[in-house]
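*Asks:* Attaching a single structure in structure tokens format; questions to follow.
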Amino acid sequence: MYNQLINKKEKLAVIGLGYVGLPIALEFARKISVIGFDIKPERVDLMRNGIDPSRELEAEAFRGCDIHYTYKLDEIRDAKFYVVAVPTPIDDHNLPDLKPLLAATETVGKVLKKGDYVVYESTVYPGCTEEDCVPLLEKLSGLTYINDFKVGFSPERINPGDKEHTLTTIKKITSGCDSESSEEIAKVYELIIKAGIHRASSIKVAEAAKIIENTQRDINIAFMNELSIIFNRLGINTYEVLEAAGTKWNFLKFFPGLVGGHCIGVDPYYLVYKAKELGYHPQIISAGRFINDSMGGYIAKQTVKKMIAANKNPKDTRVLIMGVTFKENVSDIRNSKVVDIYRELKSFGINNIDVIDAFASSHEVKEEYGFELVSKPTGKYDAIVVAVSHHQYISLNESWFNEYSAKDCIFVDIKGIFKNKISKFTYWSL
């Protein structure tokens, strides 16, 4: 398979051209022939014109690539090696939503041929690839797993907005359904991954490795968030405590904050689901998820408490929230926990809330969450909540905030980026 691909006798297809799939497709397209498939024609049109719909890649990333973009099923039949890179979200009950993954599997299953390879990059619970996806591939293709086609799992490790740790510079985990596929899949990824490959012993091990990466971070951040609640009651600043504790060489440097997005805020639920299916109810993972999912409401309540303490009637106040994306310097608003702050403030009768963001699309926010962004602050605000540390906001000084502050303004600095820089307002951070 590796030799066929590098000699361009066969093609590789990437199914799903989002923030994960498109960079993978373009990197491979610098070495081999690639077909990029996405179900949305409007996204395909943008990519054909060298535009990344996720706004992560510059036009330069599209140049010099042997790639054909399509939304038509028949046009991926020519491929021999399929990479599935679609989202794996959760539903309203925090249960795994496999619909995008199974739809992509169905797409591949309809065109699967003898000798083909299918590699999944989507984060799933251990066992999902072989228990949920493989039977569907067999059913639709009429082929037999391992004998007729090979399957592997190589979890994505792309960090949106991170210009230092990029696709090619992050070590990649690969795995296959047998020794032959394990080696072939590793060699294919070695074409683009400069940092090297870790060959996992099985698909299930690779699935588990990925899901605990994000679960570990979730639990550590939850611990920081719980500490911030305790330290708030003690009247001490969490970031000052962490700065002092961080002087010890083996102290783990995690920080409190909102945990949203499509990875850390989602993946632990996949592991919880699988554990419960096996008859075990995970305590620490579930507790971490509860704490982190509660932080938006907690921040809003603290903001309201401080406004009331300043003799402000919440119903008569104006609030500015700065940032709505799930993390800094990205446009992605999926599973944004800033929205929890907005909704909790609304529940206290605060109707005058302006939300700005240097990266997010107002249309997408309206479509996803039901409110629009404003292009810039207007007038005076009784509370300013710096929710996302976009680089445009970090560079602001106190005089800028003073221009938009009403008397006795409450300044909420979730990430602690303005610690010791604000003196004219009532300052609070996690």
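The way I read the labels, and the way they are meant: chains A, B, ... in the order of the structure tokens, residue 1 as the first residue of every chain, and ligand 1 as the first ligand shown, with later ones counted on from there.
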Write out as an mmCIF file with C-alpha atoms, in the first residue's frame each polymer residue whose atoms come within 9 Å of Ser181 of chain A, counting only C-alpha atoms; drop sequence neighbours fewer than 2 positions from it.
*Replies:*
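Resulting contents of around-v8.cif:
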data_model
loop_
_atom_site.group_PDB
_atom_site.id
_atom_site.type_symbol
_atom_site.label_atom_id
_atom_site.label_comp_id
_atom_site.auth_asym_id
_atom_site.auth_seq_id
_atom_site.Cartn_x
_atom_site.Cartn_y
_atom_site.Cartn_z
ATOM 1 C CA TYR A 117 -7.370 0.495 3.951
ATOM 2 C CA ILE A 146 -8.842 -8.213 7.753
ATOM 3 C CA LYS A 150 -7.670 -3.443 6.615
ATOM 4 C CA VAL A 151 -8.610 -0.940 9.313
ATOM 5 C CA GLY A 152 -6.475 1.236 11.583
ATOM 6 C CA SER A 175 -2.289 1.241 14.851
ATOM 7 C CA GLY A 176 -3.648 -1.467 12.595
ATOM 8 C CA CYS A 177 -5.830 -4.566 12.717
ATOM 9 C CA ASP A 178 -2.857 -6.884 12.139
ATOM 10 C CA SER A 179 0.926 -6.682 11.896
ATOM 11 C CA GLU A 183 3.357 -1.313 9.597
ATOM 12 C CA GLU A 184 1.843 -0.050 6.342
ATOM 13 C CA ILE A 185 -0.256 2.600 8.125
ATOM 14 C CA ALA A 186 2.754 3.765 10.148
#
*Asks:* Quick one: residues within 8 Å of segment 402-415 of chain A, only C-alpha atoms, excluding same-chain residues fewer than 5 positions away - as a list in words?
*Replies:*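 Listed by chain and then number, they are Pro256, Gly257, Thr303, Lys306, Met307, Ala310, Pro377, Thr378, Gly379, Lys380, Tyr381, Asp382, Ala383, Ile384, Val385, Val386, Ala387, Val388, Ser389, Lys424, Phe425, Thr426, Tyr427, Trp428, Ser429 and Leu430 of chain A.
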*Asks:* Write the residues of the selection above to a file with C-alpha atoms, as an mmCIF file, in the first residue's frame.
*Replies:*
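selection04.cif, freshly written:
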data_model
loop_
_atom_site.group_PDB
_atom_site.id
_atom_site.type_symbol
_atom_site.label_atom_id
_atom_site.label_comp_id
_atom_site.auth_asym_id
_atom_site.auth_seq_id
_atom_site.Cartn_x
_atom_site.Cartn_y
_atom_site.Cartn_z
ATOM 1 C CA PRO A 256 -8.533 27.266 36.197
ATOM 2 C CA GLY A 257 -10.865 28.288 33.403
ATOM 3 C CA THR A 303 -20.395 38.602 38.801
ATOM 4 C CA LYS A 306 -20.383 41.662 43.121
ATOM 5 C CA MET A 307 -22.769 43.944 41.229
ATOM 6 C CA ALA A 310 -21.879 47.566 44.618
ATOM 7 C CA PRO A 377 -18.400 48.066 22.771
ATOM 8 C CA THR A 378 -20.890 50.918 23.113
ATOM 9 C CA GLY A 379 -21.487 53.182 26.088
ATOM 10 C CA LYS A 380 -20.769 52.283 29.696
ATOM 11 C CA TYR A 381 -20.927 48.836 31.296
ATOM 12 C CA ASP A 382 -21.499 47.849 34.915
ATOM 13 C CA ALA A 383 -19.480 44.672 34.436
ATOM 14 C CA ILE A 384 -16.827 43.668 31.928
ATOM 15 C CA VAL A 385 -16.078 39.957 31.616
ATOM 16 C CA VAL A 386 -12.841 39.102 29.779
ATOM 17 C CA ALA A 387 -13.770 35.514 28.955
ATOM 18 C CA VAL A 388 -11.274 34.565 26.218
ATOM 19 C CA SER A 389 -7.650 35.697 26.107
ATOM 20 C CA LYS A 424 -9.724 51.432 39.185
ATOM 21 C CA PHE A 425 -12.341 48.656 39.174
ATOM 22 C CA THR A 426 -13.540 45.905 41.480
ATOM 23 C CA TYR A 427 -11.313 43.129 40.163
ATOM 24 C CA TRP A 428 -12.154 39.411 40.333
ATOM 25 C CA SER A 429 -10.733 36.325 38.680
ATOM 26 C CA LEU A 430 -10.866 32.578 39.147
#
*Asks:* Go through A:Gln302, A:Ser54, A:Lys11, A:Val20 one by one, measure the shortest atom-to-atom distance of each to Val34 of chain A using only C-alpha atoms, and give the residue with the smallest value.
*Replies:* A:Lys11
*Asks:* Just the number, please: distance in Å from atom CA of Gly36 of chain A to atom CA of Leu22 of chain A, one decimal.
*Replies:*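 Between atom CA of Gly36 of chain A and atom CA of Leu22 of chain A the gap is 7.7 Å.
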*Asks:* I'd like the neighbourhood of Ile90 of chain A as a list in words, where a residue qualifies if any of its atoms comes within 9 Å (using only C-alpha atoms), though same-chain residues fewer than 3 positions away should be ignored.
*Replies:*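 What passes the distance filter is His93, Asn94, Leu95, Pro96, Asp97, Leu98, His262, Val266, Asp267, Tyr269 and Tyr270 of chain A.
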